[in-house]
>>> print(open('start37.txt').read())   # compact mmCIF, C-alpha atoms
# COMPACT_ATOMS: atom_id res chain seq x y z
CA MET A 1 -61.14 259.32 17.66
CA PRO A 2 -57.71 260.96 17.72
CA ASP A 3 -54.69 258.68 18.02
CA SER A 4 -53.70 258.71 21.71
CA ARG A 5 -50.60 256.58 21.29
CA PRO A 6 -47.34 258.21 22.43
CA GLN A 7 -45.35 259.20 19.38
CA PRO A 8 -41.82 257.89 18.93
CA PRO A 9 -39.16 260.50 19.54
CA SER A 10 -37.11 261.69 16.58
CA ARG A 11 -33.49 260.59 16.41
CA PRO A 12 -30.72 260.22 13.84
CA PRO A 13 -31.36 257.45 11.30
CA SER A 14 -28.17 255.65 12.30
CA SER A 15 -29.29 255.21 15.93
CA SER A 16 -30.54 251.73 16.90
CA GLY A 17 -31.66 252.38 20.46
CA PRO A 18 -32.10 255.00 23.17
CA ALA A 19 -29.40 257.62 23.35
CA PRO A 20 -26.63 256.38 25.60
CA GLY A 21 -25.88 258.11 28.86
CA PRO A 22 -22.49 259.49 29.83
CA ALA A 23 -19.68 257.04 29.26
CA ALA A 24 -18.86 255.19 32.46
CA ALA A 25 -15.25 255.10 33.57
CA ASP A 26 -13.57 251.71 33.47
CA PRO A 27 -14.10 249.90 36.77
CA ALA A 28 -11.16 249.71 39.13
CA PRO A 29 -9.09 246.53 39.01
CA LEU A 30 -10.68 243.72 41.01
CA LEU A 31 -9.09 240.51 42.28
CA LEU A 32 -11.28 237.52 43.12
CA CYS A 33 -9.27 235.31 45.45
CA GLY A 34 -9.53 231.61 46.21
CA ALA A 35 -12.55 230.77 44.04
CA ARG A 36 -13.24 227.21 42.97
CA LEU A 37 -13.93 226.40 39.31
CA THR A 38 -16.13 223.59 38.03
CA ASP A 39 -13.03 221.58 37.09
CA GLY A 40 -11.96 221.54 40.76
CA ARG A 41 -9.16 224.10 40.56
CA THR A 42 -8.89 226.88 43.15
CA VAL A 43 -7.84 230.11 41.48
CA ASP A 44 -7.43 233.85 41.67
CA VAL A 45 -9.12 235.86 38.91
CA ARG A 46 -8.09 239.40 38.05
CA LEU A 47 -10.58 241.70 36.33
CA GLY A 48 -9.92 244.96 34.55
CA GLY A 49 -11.56 247.07 31.87
CA GLY A 50 -14.72 244.96 32.04
CA ARG A 51 -12.88 241.76 31.11
CA ILE A 52 -11.02 238.91 32.74
CA GLU A 53 -7.34 239.85 32.63
CA ALA A 54 -5.77 236.77 34.21
CA VAL A 55 -6.59 233.49 35.92
CA GLY A 56 -3.91 231.90 38.11
CA THR A 57 -3.46 229.44 40.93
CA ALA A 58 -4.64 230.65 44.33
CA GLY A 59 -2.24 233.24 45.71
CA SER A 60 -0.30 233.71 42.49
CA LEU A 61 -1.90 236.97 41.37
CA THR A 62 -1.69 238.72 44.74
CA ALA A 63 2.09 238.54 44.45
CA ASP A 64 2.15 239.66 40.82
CA GLY A 65 3.89 243.02 40.77
CA THR A 66 3.18 243.65 37.09
CA ARG A 67 -0.36 244.88 37.71
CA ALA A 68 -2.04 246.68 40.58
CA CYS A 69 -4.44 244.27 42.25
CA GLY A 70 -6.96 246.90 43.29
CA THR A 71 -9.81 245.65 45.46
CA GLN A 72 -9.59 242.04 46.64
CA ILE A 73 -12.57 239.82 47.42
CA ASP A 74 -12.12 236.52 49.21
CA LEU A 75 -14.23 233.87 47.47
CA THR A 76 -13.05 230.93 49.54
CA GLY A 77 -15.88 228.41 49.60
CA TYR A 78 -17.50 229.83 46.48
CA LEU A 79 -17.90 228.33 43.02
CA LEU A 80 -17.15 230.84 40.25
CA LEU A 81 -19.29 230.57 37.11
CA PRO A 82 -20.13 232.53 33.97
CA ALA A 83 -23.07 234.73 34.91
CA PRO A 84 -26.49 233.52 33.79
CA ALA A 85 -28.76 235.56 31.53
CA GLU A 86 -32.54 235.85 31.53
CA PRO A 87 -33.89 235.24 27.99
CA HIS A 88 -37.61 235.44 28.77
CA ALA A 89 -38.94 237.87 31.37
CA HIS A 90 -42.17 239.89 31.48
CA ALA A 91 -41.12 243.19 32.96
CA ASP A 92 -44.40 245.03 32.38
CA THR A 93 -46.51 242.60 34.46
CA ALA A 94 -43.88 241.43 36.97
CA LEU A 95 -44.67 241.71 40.69
CA SER A 96 -48.34 242.53 40.04
CA ALA A 97 -50.00 239.42 41.49
CA ASP A 98 -50.81 241.01 44.85
CA ALA A 99 -52.23 244.24 43.47
CA GLY A 100 -55.75 242.90 42.94
CA GLY A 101 -57.82 243.69 39.87
CA PRO A 102 -56.44 244.23 36.37
CA VAL A 103 -52.75 244.90 35.91
CA SER A 104 -51.94 248.60 35.96
CA TYR A 105 -50.25 249.84 32.81
CA ASP A 106 -49.69 253.29 34.21
CA PRO A 107 -46.12 254.08 33.08
CA ARG A 108 -45.01 254.94 36.62
CA ASP A 109 -46.26 251.60 37.93
CA VAL A 110 -44.71 249.68 35.05
CA GLN A 111 -41.33 251.39 35.45
CA CYS A 112 -41.29 250.71 39.19
CA ARG A 113 -42.21 247.03 38.77
CA ALA A 114 -39.79 246.53 35.88
CA THR A 115 -36.90 248.04 37.82
CA LYS A 116 -37.61 246.02 40.96
CA ALA A 117 -37.98 242.83 38.94
CA ALA A 118 -34.70 243.38 37.10
CA LEU A 119 -32.87 244.06 40.36
CA LEU A 120 -34.39 240.93 41.90
CA GLN A 121 -33.16 238.84 38.98
CA LEU A 122 -29.79 240.58 39.06
CA GLY A 123 -29.47 239.55 42.70
CA HIS A 124 -30.02 235.96 41.57
CA GLY A 125 -27.16 236.38 39.09
CA ALA A 126 -28.71 237.41 35.75
CA THR A 127 -26.60 240.30 34.44
CA ALA A 128 -28.48 240.44 31.11
CA LEU A 129 -32.25 240.25 30.66
CA ARG A 130 -34.66 240.22 27.73
CA ALA A 131 -38.05 241.64 28.70
CA HIS A 132 -41.19 240.98 26.65
CA VAL A 133 -43.45 244.05 26.75
CA ARG A 134 -47.03 244.29 25.54
CA VAL A 135 -47.70 247.03 22.98
CA GLY A 136 -51.02 248.18 21.57
CA ASP A 137 -54.48 247.55 23.04
CA VAL A 138 -54.71 248.70 26.67
CA ALA A 139 -50.97 249.17 27.08
CA GLY A 140 -50.48 251.32 23.98
CA LEU A 141 -46.84 252.36 23.94
CA GLY A 142 -46.85 253.51 27.55
CA ALA A 143 -45.60 250.23 28.99
CA LEU A 144 -42.75 250.12 26.50
CA THR A 145 -41.80 253.71 27.31
CA ALA A 146 -41.68 252.80 31.00
CA VAL A 147 -39.52 249.70 30.48
CA LEU A 148 -37.13 251.66 28.27
CA ARG A 149 -36.78 254.16 31.13
CA ALA A 150 -36.05 251.27 33.49
CA GLU A 151 -33.45 250.04 31.00
CA ARG A 152 -31.66 253.39 31.11
CA SER A 153 -31.78 253.57 34.91
CA LEU A 154 -30.19 250.13 35.19
CA ARG A 155 -27.17 250.85 33.00
CA GLY A 156 -24.02 249.81 34.78
CA LEU A 157 -25.96 247.32 36.91
CA ALA A 158 -27.56 245.04 34.33
CA GLU A 159 -28.17 244.91 30.59
CA LEU A 160 -31.91 245.03 29.88
CA THR A 161 -33.33 244.74 26.35
CA THR A 162 -36.96 244.85 25.27
CA VAL A 163 -39.19 242.77 22.99
CA ALA A 164 -42.27 244.48 21.52
CA VAL A 165 -45.26 242.11 21.79
CA PRO A 166 -48.39 243.11 19.81
CA ARG A 167 -51.59 241.07 20.14
CA VAL A 168 -53.13 241.04 16.62
CA LEU A 169 -51.34 241.81 13.36
CA THR A 170 -53.64 240.50 10.62
CA GLY A 171 -56.92 241.64 9.09
CA VAL A 172 -58.60 244.97 9.75
CA ALA A 173 -57.92 244.73 13.49
CA GLY A 174 -54.26 244.03 12.85
CA ALA A 175 -53.51 247.23 10.92
CA ASP A 176 -53.26 249.27 14.10
CA GLY A 177 -51.15 246.58 15.79
CA LEU A 178 -48.71 246.61 12.88
CA ALA A 179 -48.39 250.40 13.08
CA VAL A 180 -47.79 250.21 16.83
CA LEU A 181 -45.16 247.51 16.31
CA ARG A 182 -43.22 249.67 13.87
CA ASP A 183 -43.46 252.62 16.27
CA ALA A 184 -42.20 250.40 19.09
CA VAL A 185 -39.06 249.50 17.14
CA LYS A 186 -38.44 253.16 16.31
CA MET A 187 -38.78 254.01 20.01
CA GLY A 188 -36.07 251.56 21.01
CA ALA A 189 -37.47 248.04 21.27
CA SER A 190 -34.55 245.94 20.07
CA VAL A 191 -36.44 242.69 19.38
CA VAL A 192 -39.69 242.02 17.47
CA GLY A 193 -41.96 239.53 19.21
CA GLY A 194 -45.56 238.51 19.61
CA CYS A 195 -48.04 235.70 20.14
CA PRO A 196 -49.10 234.16 16.81
CA ASP A 197 -51.30 231.59 18.59
CA LEU A 198 -53.65 234.44 19.63
CA ASP A 199 -54.09 235.86 16.11
CA PRO A 200 -56.88 234.60 13.83
CA ASP A 201 -54.20 234.02 11.18
CA PRO A 202 -51.06 232.72 12.96
CA THR A 203 -49.10 232.29 9.72
CA GLY A 204 -49.94 235.81 8.59
CA TYR A 205 -48.93 237.08 12.01
CA VAL A 206 -45.48 235.49 11.72
CA GLU A 207 -45.09 236.88 8.20
CA ALA A 208 -45.81 240.37 9.53
CA VAL A 209 -43.33 239.99 12.40
CA LEU A 210 -40.60 238.73 10.09
CA GLU A 211 -41.23 241.60 7.68
CA VAL A 212 -40.84 244.23 10.42
CA ALA A 213 -37.76 242.45 11.78
CA ALA A 214 -36.16 242.36 8.34
CA GLU A 215 -36.90 246.06 7.81
CA HIS A 216 -35.03 247.01 10.98
CA GLY A 217 -32.46 244.21 11.25
CA CYS A 218 -33.92 243.00 14.56
CA PRO A 219 -33.99 239.56 16.12
CA VAL A 220 -37.35 237.79 16.53
CA ASP A 221 -38.69 236.22 19.72
CA LEU A 222 -42.17 234.67 19.54
CA HIS A 223 -44.47 233.12 22.12
CA THR A 224 -46.03 229.84 21.05
CA ASP A 225 -47.26 226.76 22.86
CA ALA A 226 -46.15 224.70 19.82
CA ALA A 227 -49.06 222.29 20.18
CA ASP A 228 -49.64 222.21 16.40
CA PRO A 229 -46.60 220.55 14.73
CA ALA A 230 -47.65 221.56 11.20
CA ARG A 231 -47.96 225.20 12.21
CA LEU A 232 -44.63 225.10 14.04
CA ALA A 233 -42.97 223.55 10.98
CA ARG A 234 -44.31 226.45 8.88
CA PHE A 235 -42.95 228.92 11.41
CA ALA A 236 -39.54 227.25 11.29
CA ALA A 237 -39.47 227.23 7.49
CA MET A 238 -40.41 230.92 7.36
CA ALA A 239 -37.83 231.92 9.96
CA GLY A 240 -35.00 229.70 8.75
CA GLY A 241 -31.83 231.60 8.03
CA LEU A 242 -33.11 234.93 9.37
CA ARG A 243 -30.33 236.92 10.96
CA PRO A 244 -29.69 237.98 13.66
CA GLY A 245 -31.84 235.09 14.83
CA VAL A 246 -35.19 233.66 15.89
CA ALA A 247 -36.29 232.30 19.26
CA LEU A 248 -39.51 230.51 20.10
CA GLY A 249 -40.89 229.75 23.54
CA PRO A 250 -42.09 228.26 25.77
CA CYS A 251 -43.11 225.44 23.38
CA GLY A 252 -44.66 223.35 26.16
CA GLY A 253 -47.10 221.80 23.68
CA LEU A 254 -44.23 219.84 22.12
CA ALA A 255 -44.11 217.73 25.28
CA ARG A 256 -47.69 216.59 24.69
CA LEU A 257 -47.10 215.40 21.11
CA PRO A 258 -46.52 211.72 20.23
CA ALA A 259 -42.86 210.83 19.93
CA GLU A 260 -42.66 210.68 16.12
CA PRO A 261 -44.18 214.09 15.24
CA ALA A 262 -42.31 215.70 18.12
CA ALA A 263 -39.01 214.32 16.80
CA ARG A 264 -39.77 215.52 13.25
CA THR A 265 -40.62 218.98 14.55
CA ALA A 266 -37.41 219.10 16.57
CA ASP A 267 -35.42 218.22 13.45
CA ARG A 268 -37.09 221.06 11.53
CA LEU A 269 -36.35 223.56 14.29
CA ALA A 270 -32.71 222.46 14.30
CA ALA A 271 -32.43 222.77 10.53
CA ALA A 272 -33.88 226.30 10.68
CA GLY A 273 -31.45 227.38 13.41
CA VAL A 274 -34.30 228.36 15.74
CA THR A 275 -33.59 228.65 19.48
CA VAL A 276 -36.19 227.26 21.88
CA VAL A 277 -36.53 229.08 25.20
CA CYS A 278 -38.21 226.80 27.73
CA LEU A 279 -39.71 227.94 31.04
CA PRO A 280 -39.21 225.19 33.65
CA GLN A 281 -40.34 227.46 36.52
CA GLY A 282 -43.77 228.03 34.93
CA GLY A 283 -45.24 229.56 31.80
CA CYS A 284 -46.52 233.03 31.09
CA GLY A 285 -49.74 234.57 29.88
CA ALA A 286 -51.70 232.08 27.78
CA ALA A 287 -48.92 229.46 27.94
CA ASP A 288 -49.64 226.26 29.84
CA ARG A 289 -47.76 226.47 33.13
CA ARG A 290 -47.84 222.69 33.57
CA ALA A 291 -45.77 221.75 30.55
CA THR A 292 -42.11 222.34 29.74
CA ALA A 293 -40.64 221.83 26.30
CA PRO A 294 -39.00 218.38 25.86
CA VAL A 295 -35.47 219.64 26.38
CA ARG A 296 -33.68 216.31 25.93
CA LEU A 297 -35.46 215.61 22.64
CA LEU A 298 -34.69 219.09 21.35
CA ARG A 299 -31.05 218.95 22.41
CA SER A 300 -30.56 215.53 20.82
CA ALA A 301 -31.90 216.95 17.55
CA GLY A 302 -29.36 219.76 17.69
CA VAL A 303 -31.70 222.56 18.77
CA ARG A 304 -30.17 225.24 20.97
CA VAL A 305 -32.23 225.20 24.17
CA ALA A 306 -32.11 228.08 26.62
CA ALA A 307 -34.09 228.36 29.83
CA GLY A 308 -35.87 231.43 31.16
CA SER A 309 -38.06 232.38 34.09
CA GLY A 310 -41.27 233.53 32.42
CA ALA A 311 -43.80 235.04 34.80
CA LEU A 312 -42.39 236.65 37.95
CA ARG A 313 -45.13 236.90 40.57
CA ASP A 314 -47.89 237.99 38.22
CA VAL A 315 -51.29 236.36 37.67
CA SER A 316 -49.74 233.70 35.41
CA ASN A 317 -47.43 232.50 38.20
CA PRO A 318 -47.99 234.27 41.53
CA VAL A 319 -45.02 232.43 43.08
CA GLY A 320 -42.52 232.88 40.23
CA ARG A 321 -39.00 233.46 41.54
CA GLY A 322 -37.12 234.60 38.45
CA ASP A 323 -34.09 232.61 39.58
CA PRO A 324 -31.93 231.11 36.81
CA LEU A 325 -30.36 228.64 39.25
CA GLU A 326 -33.82 227.30 40.05
CA ALA A 327 -34.50 226.92 36.32
CA ALA A 328 -31.25 224.94 35.98
CA TYR A 329 -32.11 222.89 39.07
CA LEU A 330 -35.47 221.93 37.55
CA LEU A 331 -33.86 220.97 34.23
CA ALA A 332 -31.52 218.66 36.13
CA SER A 333 -34.00 217.24 38.65
CA ARG A 334 -37.08 216.87 36.44
CA HIS A 335 -35.75 216.62 32.92
CA GLY A 336 -32.63 214.53 33.34
CA LEU A 337 -29.97 217.01 32.24
CA SER A 338 -26.57 216.94 33.87
CA ALA A 339 -25.84 219.84 36.19
CA GLU A 340 -23.38 221.18 33.62
CA ASP A 341 -25.87 221.05 30.72
CA ALA A 342 -28.63 222.48 32.89
CA TYR A 343 -26.50 225.44 33.91
CA ALA A 344 -25.40 225.98 30.31
CA ALA A 345 -29.08 226.43 29.38
CA VAL A 346 -29.31 229.49 31.65
CA SER A 347 -25.83 230.82 30.90
CA THR A 348 -24.05 229.92 27.63
CA SER A 349 -27.22 229.14 25.63
CA ALA A 350 -29.19 232.00 27.17
CA ARG A 351 -26.45 234.50 26.32
CA ALA A 352 -26.27 233.14 22.76
CA ALA A 353 -30.05 233.51 22.43
CA LEU A 354 -29.66 237.17 23.41
CA GLY A 355 -26.85 237.69 20.92
CA LEU A 356 -24.28 238.27 23.67
CA PRO A 357 -20.64 237.14 23.59
CA GLU A 358 -19.66 233.90 25.26
CA VAL A 359 -18.31 234.00 28.81
CA ARG A 360 -15.73 231.62 30.23
CA VAL A 361 -13.63 231.97 33.36
CA GLU A 362 -10.56 232.51 31.21
CA ALA A 363 -8.41 235.50 30.32
CA GLY A 364 -9.87 237.72 27.61
CA PHE A 365 -13.54 236.93 28.20
CA PRO A 366 -16.14 239.43 29.48
CA ALA A 367 -16.18 239.84 33.26
CA GLU A 368 -19.79 238.64 33.66
CA LEU A 369 -19.54 236.26 36.60
CA LEU A 370 -21.53 234.65 39.39
CA ALA A 371 -19.95 233.27 42.56
CA VAL A 372 -22.16 230.83 44.47
CA ARG A 373 -21.33 229.30 47.85
CA GLY A 374 -20.83 225.57 47.29
CA ASP A 375 -18.24 222.93 46.57
CA GLY A 376 -19.52 221.99 43.12
CA LEU A 377 -22.19 222.73 40.55
CA PRO A 378 -24.81 220.21 41.79
CA GLY A 379 -24.58 221.67 45.30
CA ALA A 380 -24.74 225.22 43.96
CA LEU A 381 -27.92 224.44 42.02
CA SER A 382 -29.62 222.85 45.01
CA LEU A 383 -28.52 225.16 47.85
CA GLY A 384 -26.83 228.18 46.27
CA TYR A 385 -28.20 230.91 48.50
CA SER A 386 -25.09 233.08 49.04
CA ARG A 387 -24.11 234.80 45.79
CA VAL A 388 -21.80 237.50 44.48
CA VAL A 389 -22.67 238.96 41.06
CA VAL A 390 -20.15 240.68 38.77
CA HIS A 391 -21.23 242.75 35.75
CA GLY A 392 -18.76 244.62 33.58
CA GLY A 393 -15.94 243.83 36.00
CA ARG A 394 -17.76 245.30 39.04
CA VAL A 395 -19.53 243.64 41.93
CA VAL A 396 -23.15 244.75 41.45
CA ALA A 397 -25.03 242.49 43.90
CA ARG A 398 -24.39 240.33 46.95
CA THR A 399 -26.64 237.91 48.81
CA SER A 400 -25.42 236.40 52.08
CA ALA A 401 -27.23 233.55 53.81
CA VAL A 402 -26.53 232.30 57.33
CA ARG A 403 -28.02 229.11 58.73
CA GLU A 404 -27.75 228.31 62.45
CA TYR A 405 -29.19 225.40 64.41
CA CYS A 406 -30.47 226.24 67.85
CA GLY A 407 -31.50 224.00 70.71
CA PRO A 408 -30.10 222.04 73.63
CA ALA A 409 -27.50 220.35 71.44
CA ALA A 410 -26.20 223.71 70.24
CA SER A 411 -24.32 224.24 73.50
CA SER A 412 -22.83 220.76 73.64
CA SER A 413 -19.58 221.91 72.04
CA ALA A 414 -18.88 223.98 75.14
CA GLU A 415 -18.91 220.74 77.11
CA GLY A 416 -16.43 219.03 74.84
CA GLU A 417 -18.99 217.40 72.54
CA PRO A 418 -19.31 218.10 68.80
CA GLY A 419 -21.73 220.98 68.25
CA LEU A 420 -24.30 221.43 65.53
CA PRO A 421 -22.96 222.85 62.26
CA ARG A 422 -23.18 226.52 61.37
CA GLN A 423 -23.18 227.82 57.83
CA GLY A 424 -21.30 231.09 57.99
CA ARG A 425 -21.26 234.13 55.78
CA GLY A 426 -17.70 233.76 54.62
CA THR A 427 -15.71 236.86 53.86
CA ALA A 428 -17.22 237.67 50.48
>>> encode(input="start37.txt", output="structure tokens")
Amino acid sequence: MPDSRPQPPSRPPSSSGPAPGPAAADPAPLLLCGARLTDGRTVDVRLGGGRIEAVGTAGSLTADGTRACGTQIDLTGYLLLPAPAEPHAHADTALSADAGGPVSYDPRDVQCRATKAALLQLGHGATALRAHVRVGDVAGLGALTAVLRAERSLRGLAELTTVAVPRVLTGVAGADGLAVLRDAVKMGASVVGGCPDLDPDPTGYVEAVLEVAAEHGCPVDLHTDAADPARLARFAAMAGGLRPGVALGPCGGLARLPAEPAARTADRLAAAGVTVVCLPQGGCGAADRRATAPVRLLRSAGVRVAAGSGALRDVSNPVGRGDPLEAAYLLASRHGLSAEDAYAAVSTSARAALGLPEVRVEAGFPAELLAVRGDGLPGALSLGYSRVVVHGGRVVARTSAVREYCGPAASSSAEGEPGLPRQGRGTA
């Protein structure tokens, strides 16, 4: 039969991704007023050129005549944080749970779902996302083409990168998968991934992935349940020292191992410099949705642990929310992390897993920020409904929540009695 796979477009050898669109003008200066930081300070933050220009005490920057303030946004009552990132999404199957029947891999359907899913997660605060996309088999290269189109359409709103995920890479059946994987990287997939647990030869699968990644200088991001400590140790040894880096997830099987082999495996992952991406909101695909990687054990061994969302309302998790704050909440409430460490798993560690620069609410750092209504981080993780999202120094999403209590007591304040509380919108 003739090869029906879409062929990768030609491009200059020096290019490493899709051709960029027209250069966007620098965003206008933006002043965030009266925001609270996690250390308790209330500050003004001035943004310009996609970075944080200055952080000063509340009111100090509005009177600063050395720089035009531009647009001002009142963040009184909001906590200002580095924006989270999404290190493990499935853009090609997202939002497909209600469709009925097999998932459609028609490129138009995939692009529509991927775009909607990315915007949903952007509204939650994730300004950067890594999307795992199936290649080969039923999907061919059509799903990847569609997600790459979604990536281009989202420029300026969010940073979306793609992981090519072939099913089989070894033996006679794997020859086609290996060819598709190489085509996927040439088309613009920026990360080489896959599911070694599903291949008849998991070790050979990882060898093939690492070979393709080394050829193109790509990071590696593999799905594994990590239920076999010997196999995981081999993976770690093979991947150790690879640059620009290796991530494994969701590794829920580690939580089911006895303490001693789990600790040894964690030590080997730390020594190899492998990042573990856990999925506290639920797994994806063949991963066990009931188990989350043992984050405290991994962290104590020195493993970088990031947290992602996994399935977003597909058959693997029909109620997936794709909310990084919920992932952090679950790490704190179920796995014993402090609110600060839990949020770092979806922000600092997640950005590092994606190879992105660190963000702090300090001058000179990228203007990738999330403002959440709340007095402190624990409250923001539990009830952070109202949000303002900043990407590249621009406000790109807002969510406002209003809660009112209605009933006979609601009118008591008119009679001189204390009324029921009302959570307002604020001015942001």
>>> closest_residue(input="start37.txt", among="A:Ala58, A:Pro84, A:Thr265, A:Leu32", to="A:Ala344", atoms="all atoms listed in the file")
A:Pro84
>>> atom_distance(input="start37.txt", atom1="atom CA of A:Ala164", atom2="atom CA of A:Leu331")
28.0 Å
>>> closest_atom_pairs(input="start37.txt", of="stretch 83-186 of chain A", to="stretch 381-393 of chain A", cutoff="8 Å", atoms="only C-alpha atoms", output="Markdown table")
| residue | atom | partner | partner_atom | distance |
| --- | --- | --- | --- | --- |
| A:Ala83 | CA | A:Val389 | CA | 7.5 |
| A:Leu122 | CA | A:Val389 | CA | 7.6 |
| A:Gly123 | CA | A:Val389 | CA | 7.0 |
| A:His124 | CA | A:Arg387 | CA | 7.4 |
| A:Gly125 | CA | A:Val389 | CA | 5.5 |
| A:Thr127 | CA | A:His391 | CA | 6.0 |
| A:Gly156 | CA | A:Gly392 | CA | 7.5 |
| A:Leu157 | CA | A:His391 | CA | 6.7 |
| A:Ala158 | CA | A:His391 | CA | 6.9 |
>>> atom_distance(input="start37.txt", atom1="atom CA of A:Ala91", atom2="atom CA of A:Val165")
12.0 Å
>>> closest_residue(input="start37.txt", among="A:Val191, A:Ala227, A:Leu119, A:Cys406", to="A:Ala131", atoms="only C-alpha atoms")
A:Val191
>>> closest_residue(input="start37.txt", among="A:Pro261, A:Gly177, A:Gly77, A:Gly320", to="A:Cys284", atoms="only C-alpha atoms")
A:Gly320
>>> residues_around(input="start37.txt", residues="A:Leu312", least_positions_apart="2", cutoff="8 Å", atoms="all atoms listed in the file", output="PDB file with C-alpha atoms, in the frame of the given file")
ATOM      1  CA  ALA A  89     -38.940 237.870  31.370  1.00  0.00           C
ATOM      2  CA  HIS A  90     -42.170 239.890  31.480  1.00  0.00           C
ATOM      3  CA  ALA A  94     -43.880 241.430  36.970  1.00  0.00           C
ATOM      4  CA  LEU A  95     -44.670 241.710  40.690  1.00  0.00           C
ATOM      5  CA  ALA A 117     -37.980 242.830  38.940  1.00  0.00           C
ATOM      6  CA  SER A 309     -38.060 232.380  34.090  1.00  0.00           C
ATOM      7  CA  GLY A 310     -41.270 233.530  32.420  1.00  0.00           C
ATOM      8  CA  ASP A 314     -47.890 237.990  38.220  1.00  0.00           C
ATOM      9  CA  ASN A 317     -47.430 232.500  38.200  1.00  0.00           C
ATOM     10  CA  PRO A 318     -47.990 234.270  41.530  1.00  0.00           C
ATOM     11  CA  VAL A 319     -45.020 232.430  43.080  1.00  0.00           C
ATOM     12  CA  GLY A 320     -42.520 232.880  40.230  1.00  0.00           C
ATOM     13  CA  ARG A 321     -39.000 233.460  41.540  1.00  0.00           C
ATOM     14  CA  GLY A 322     -37.120 234.600  38.450  1.00  0.00           C
TER      15      GLY A 322
END
>>> closest_residue(input="start37.txt", among="A:Glu211, A:Ala236, A:Pro166, A:Ala291", to="A:Cys195", atoms="all atoms listed in the file")
A:Pro166
>>> closest_residue(input="start37.txt", among="A:Leu79, A:Ala327, A:Ala99, A:Ala189", to="A:Thr42", atoms="all atoms listed in the file")
A:Leu79
>>> atom_distance(input="start37.txt", atom1="atom CA of A:Ala214", atom2="atom CA of A:Pro244")
9.5 Å
>>> closest_residue(input="start37.txt", among="A:Cys251, A:Leu129, A:Val55, A:Ala371", to="A:Glu159", atoms="only C-alpha atoms")
A:Leu129
>>> residues_around(input="start37.txt", residues="A:Val180", least_positions_apart="5", cutoff="8 Å", atoms="all atoms listed in the file", output="list in words")
Val135, Gly136, Gly140, Leu141 and Pro166 of chain A
>>> residues_around(input="start37.txt", residues="A:Asp341", least_positions_apart="3", cutoff="9 Å", atoms="only C-alpha atoms", output="ChimeraX atom specification")
/A:328,331-332,337-338,344-345
>>> write_last_selection(input="start37.txt", atoms="C-alpha atoms", output="PDB file, in the frame of the given file")
ATOM      1  CA  ALA A 328     -31.250 224.940  35.980  1.00  0.00           C
ATOM      2  CA  LEU A 331     -33.860 220.970  34.230  1.00  0.00           C
ATOM      3  CA  ALA A 332     -31.520 218.660  36.130  1.00  0.00           C
ATOM      4  CA  LEU A 337     -29.970 217.010  32.240  1.00  0.00           C
ATOM      5  CA  SER A 338     -26.570 216.940  33.870  1.00  0.00           C
ATOM      6  CA  ALA A 344     -25.400 225.980  30.310  1.00  0.00           C
ATOM      7  CA  ALA A 345     -29.080 226.430  29.380  1.00  0.00           C
TER       8      ALA A 345
END
>>> residues_around(input="start37.txt", residues="A:Cys218", least_positions_apart="6", cutoff="10 Å", atoms="all atoms listed in the file", output="PyMOL selection string")
chain A and resi 16+163+185+189-193+210+212+242-246
>>> residues_around(input="start37.txt", residues="A:Tyr205", least_positions_apart="4", cutoff="8 Å", atoms="all atoms listed in the file", output="list of chain:residue names")
A:Val168, A:Leu169, A:Thr170, A:Pro196, A:Asp199, A:Asp201, A:Val209
